[in-house]
Amino acid sequence: MYLNEVKTILIDVLNLGAAGEKLDAGSPLLGSLPELDSMAVVTLIGALEDHFGIVVDDDDISASTFETLGSLAAFVAAKAG
């Protein structure tokens, strides 16, 4: 459920366009998407918080959260749980 919504937000925030449609749960994010820099991470977290009504603390964020689209979706699901 969360995977497609997180994917849509990721595509919108990073302006990935059609290339973003190819992303799946196993797609690597951090280090693989040049658009996903530190400022984009901050913007993405804000968009996820707004969309899902969650609060992400600085302590919650780690590189493993942004390892793949699936790991990011799982993180959002756990926060929204």
# chains A, B, ... in the order shown; residues from 1 in each chain; ligands from 1
call {"tool": "select_by_dssp", "arguments": {"residues": "stretch 12-74 of chain A", "states": "alpha helix (DSSP H)", "output": "number ranges by chain"}}
result
A: 12-14, 38-52, 69-74
call {"tool": "write_last_selection", "arguments": {"atoms": "C-alpha atoms", "output": "mmCIF file, in the first residue's frame"}}
result
data_model
loop_
_atom_site.group_PDB
_atom_site.id
_atom_site.type_symbol
_atom_site.label_atom_id
_atom_site.label_comp_id
_atom_site.auth_asym_id
_atom_site.auth_seq_id
_atom_site.Cartn_x
_atom_site.Cartn_y
_atom_site.Cartn_z
ATOM 1 C CA ASP A 12 7.393 14.323 -7.569
ATOM 2 C CA VAL A 13 9.964 15.649 -5.083
ATOM 3 C CA LEU A 14 12.973 14.642 -7.184
ATOM 4 C CA SER A 38 21.022 15.994 1.407
ATOM 5 C CA MET A 39 18.641 18.848 0.592
ATOM 6 C CA ALA A 40 16.368 16.508 -1.365
ATOM 7 C CA VAL A 41 16.265 14.129 1.617
ATOM 8 C CA VAL A 42 15.016 16.975 3.826
ATOM 9 C CA THR A 43 12.377 17.945 1.244
ATOM 10 C CA LEU A 44 11.338 14.316 0.787
ATOM 11 C CA ILE A 45 10.942 13.771 4.521
ATOM 12 C CA GLY A 46 8.765 16.882 4.743
ATOM 13 C CA ALA A 47 6.588 15.666 1.881
ATOM 14 C CA LEU A 48 6.222 12.220 3.486
ATOM 15 C CA GLU A 49 5.315 13.807 6.840
ATOM 16 C CA ASP A 50 2.660 15.993 5.206
ATOM 17 C CA HIS A 51 1.178 13.225 3.065
ATOM 18 C CA PHE A 52 1.052 10.475 5.696
ATOM 19 C CA LEU A 69 12.457 2.284 -2.221
ATOM 20 C CA GLY A 70 11.201 -0.721 -0.253
ATOM 21 C CA SER A 71 13.128 0.234 2.884
ATOM 22 C CA LEU A 72 11.778 3.779 2.679
ATOM 23 C CA ALA A 73 8.210 2.512 2.229
ATOM 24 C CA ALA A 74 8.650 0.126 5.173
#
call {"tool": "closest_residue", "arguments": {"among": "A:Thr65, A:Ile54, A:Asp60, A:Lys7", "to": "A:Lys79", "atoms": "only C-alpha atoms"}}
result
A:Ile54
call {"tool": "closest_residue", "arguments": {"among": "A:Leu36, A:Ala78, A:Val56, A:Ala25", "to": "A:Ile11", "atoms": "only C-alpha atoms"}}
result
A:Leu36
call {"tool": "closest_residue", "arguments": {"among": "A:Met1, A:Ala19, A:Leu30, A:Ala77", "to": "A:Ala63", "atoms": "only C-alpha atoms"}}
result
A:Leu30
call {"tool": "closest_residue", "arguments": {"among": "A:Pro28, A:Gly17, A:Gly53, A:Pro34", "to": "A:Gly81", "atoms": "only C-alpha atoms"}}
result
A:Gly53
call {"tool": "closest_residue", "arguments": {"among": "A:Tyr2, A:Val55, A:Thr68, A:Ile9", "to": "A:Gly26", "atoms": "only C-alpha atoms"}}
result
A:Thr68
call {"tool": "closest_residue", "arguments": {"among": "A:Phe66, A:Ala80, A:Val6, A:Asp58", "to": "A:Gly31", "atoms": "only C-alpha atoms"}}
result
A:Phe66
call {"tool": "atom_distance", "arguments": {"atom1": "atom CA of A:Thr8", "atom2": "atom CA of A:Asp37"}}
result
17.9 Å
